[in-house]
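Peer 1: Before anything else, here's the structure in question.
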Amino acid sequence: MIEGPITFDRVARWGLVVAGIVAAFLVLHYLSAVLLPFFVAWLFAYLMYPLVKFIQYRLKVRMRALSIVLAMVTVVAVFAGVIWLIVPPMVEQFGKFTTLATRYLHHATHIKNFPEAIQWWLSDNSSEIEKFLKSDNFTDTLKETAPKVFSVVGETMSIIMSIIASCITLLYMFFILMDYEYLSEKWIKIFPRNSRSFWQELMQDVETALNNYIRGQGLVALIMGILFCIGFTIIGFPMAIGLGIMIGIMDMVPYLHTFALIPTAFLAAMKAAETGQNYWVVLASALAVFAIVQVIIDAIVTPKVMGKKMGLNPAVLLLALSVWGALLGFIGLIIALPATTIIMAYWKKYISDK
């Protein structure tokens with residue numbers, strides 16, 4: 001509770017504080033495109049720093065720059081290994097799908113050579129095609145299609161800019177890691193001396209909450225990946241191990257693994273085409289694995305693991321995920337548990353305990 005009388009001076013100070021917070025948020029929003037690569041780089045540097053430290057001090061690689069390069073190569077190698085477990089089997093399945101589709105078209109249309117059939121059709125209908133190209137309908141179609149083509153070009157440019165931003169993020173990360181200890185100790189000097197203790201304590205609490213969240217969510221994702229591998233193997237689903245690993249990695253962001261339903265539907269079609277089973281039965285068995293694993297994760301694993309790591313009641317934990325997810329989408333799901341832990345701790349420390 002607020003102690004002491006409410007005076008004009010206190011109201012004015014609180015008004016200035018609120019105005020300062022609003023102004024800071026507006027500035028951050030305006031500069032978000034510039035600041036986002038830096039904050040992402042700082043997050044990556046924070047995650048990679050233990051590996052860099054291990055290489056430099058445990059493996060006796062004294063040059064910090066070389067340690068950073070070796071750490072980045074290690075991370076890339078791990079991701080390449082994971083991709084190797086997922087992508088080649090997916091490409092193989094797609095090749096099988098192409099073969100099955102071609103075989104089906106041959107059987108349904110009784111055409112043995114599709115390129116020749118297309119050439120025959122073009123030569124037989126050349127006059128109609130020429131008439132269509134000169135018609136008003138074709139001109140109207142071009143007018144409608146042109147803006148879409150330019151939008152595709154614009155999306156391509158945005159992809160190029162994203163690649164450039166990624167390169168800038170890597171540079172930021174490299175230079176942050178070069179002086180990580182110095183930056184970690186000296187950042188507090190940007191605040192006034194009388195408020196440094198508060199910000200120091202806040203950042204220590206954020207670091208603790210973030211550490212607990214990463215470890216807890218990593219354990220949840222590992223358990224989920226193992227459960228999916230087991231479930232898909234039991235039903236004889238294609239790419240059981242690779243798909244389970246992919247789902248586990250995606251679950252590092254809570255509920256992002258639901259996008260794995262797209263390749264699951266494709267692989268169900270592949271299994272149905274290869275074995276002659278009913279597609280809906282195959283898909284239903286895969287969805288049953290999704291439902292069972294999700295119930296186990298939501299009802300048992302997440303409350304036990306994350307509740308213990310974050311110090312939250314399971315009901316509060318699920319409520320936090322729902323509220324932050326509704327407010328900020330996937331970003332809200334990422335920050336939900338650390339932010340809720342910090343808010344509850346500071347509410348108890350500065351408000352409810354007074």
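Here, A, B, ... name the chains of the structure tokens in the order displayed, residue numbers run from 1 inside each chain, and ligands are numbered from 1 in the same displayed order.
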Using only C-alpha atoms, which protein or nucleic acid residues come within 10 Å of range 282-298 of chain A? Drop anything in the same chain fewer than 4 positions from it, and give the result as JSON, numbers by chain.

Peer 2: {"A": [220, 221, 223, 224, 225, 226, 227, 228, 229, 230, 231, 232, 234, 235, 236, 237, 255, 257, 258, 260, 261, 264, 265, 266, 267, 268, 269, 270, 271, 272, 277, 278, 302, 303, 304, 305, 314, 318]}

Peer 1: Would you save the residues of that selection, restricted to C-alpha atoms, as a JSON list (two decimals), in the first residue's frame?

Peer 2:
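Result file is result29.json:
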[["chain", "number", "residue", "atom", "x", "y", "z"],
["A", 220, "VAL", "CA", 9.73, -30.03, -21.38],
["A", 221, "ALA", "CA", 10.69, -29.91, -25.08],
["A", 223, "ILE", "CA", 10.29, -34.96, -22.96],
["A", 224, "MET", "CA", 7.79, -33.95, -25.65],
["A", 225, "GLY", "CA", 10.19, -34.95, -28.44],
["A", 226, "ILE", "CA", 10.80, -38.35, -26.82],
["A", 227, "LEU", "CA", 7.06, -38.97, -26.35],
["A", 228, "PHE", "CA", 6.34, -38.11, -29.99],
["A", 229, "CYS", "CA", 9.17, -40.36, -31.19],
["A", 230, "ILE", "CA", 7.71, -43.24, -29.15],
["A", 231, "GLY", "CA", 4.12, -42.55, -30.23],
["A", 232, "PHE", "CA", 4.90, -42.26, -33.94],
["A", 234, "ILE", "CA", 4.24, -47.38, -32.16],
["A", 235, "ILE", "CA", 1.78, -46.50, -34.95],
["A", 236, "GLY", "CA", 4.42, -47.05, -37.65],
["A", 237, "PHE", "CA", 4.30, -43.47, -38.87],
["A", 255, "TYR", "CA", 2.71, -24.44, -28.59],
["A", 257, "HIS", "CA", 4.82, -27.42, -32.36],
["A", 258, "THR", "CA", 1.21, -27.26, -33.53],
["A", 260, "ALA", "CA", 3.98, -29.70, -37.22],
["A", 261, "LEU", "CA", 0.44, -30.79, -38.09],
["A", 264, "THR", "CA", 2.05, -34.72, -40.36],
["A", 265, "ALA", "CA", -0.91, -34.50, -42.74],
["A", 266, "PHE", "CA", 1.46, -34.86, -45.72],
["A", 267, "LEU", "CA", 3.20, -37.90, -44.21],
["A", 268, "ALA", "CA", -0.18, -39.46, -43.42],
["A", 269, "ALA", "CA", -1.08, -39.14, -47.12],
["A", 270, "MET", "CA", 2.25, -40.80, -48.00],
["A", 271, "LYS", "CA", 1.62, -43.74, -45.70],
["A", 272, "ALA", "CA", -1.93, -44.16, -47.00],
["A", 277, "GLN", "CA", -4.80, -47.79, -45.85],
["A", 278, "ASN", "CA", -7.58, -45.27, -45.49],
["A", 302, "THR", "CA", 4.58, -28.64, -17.71],
["A", 303, "PRO", "CA", 3.01, -28.08, -14.26],
["A", 304, "LYS", "CA", 5.60, -30.31, -12.57],
["A", 305, "VAL", "CA", 8.71, -29.09, -14.40],
["A", 314, "PRO", "CA", 0.16, -25.01, -12.05],
["A", 318, "LEU", "CA", -1.50, -22.09, -17.31]]
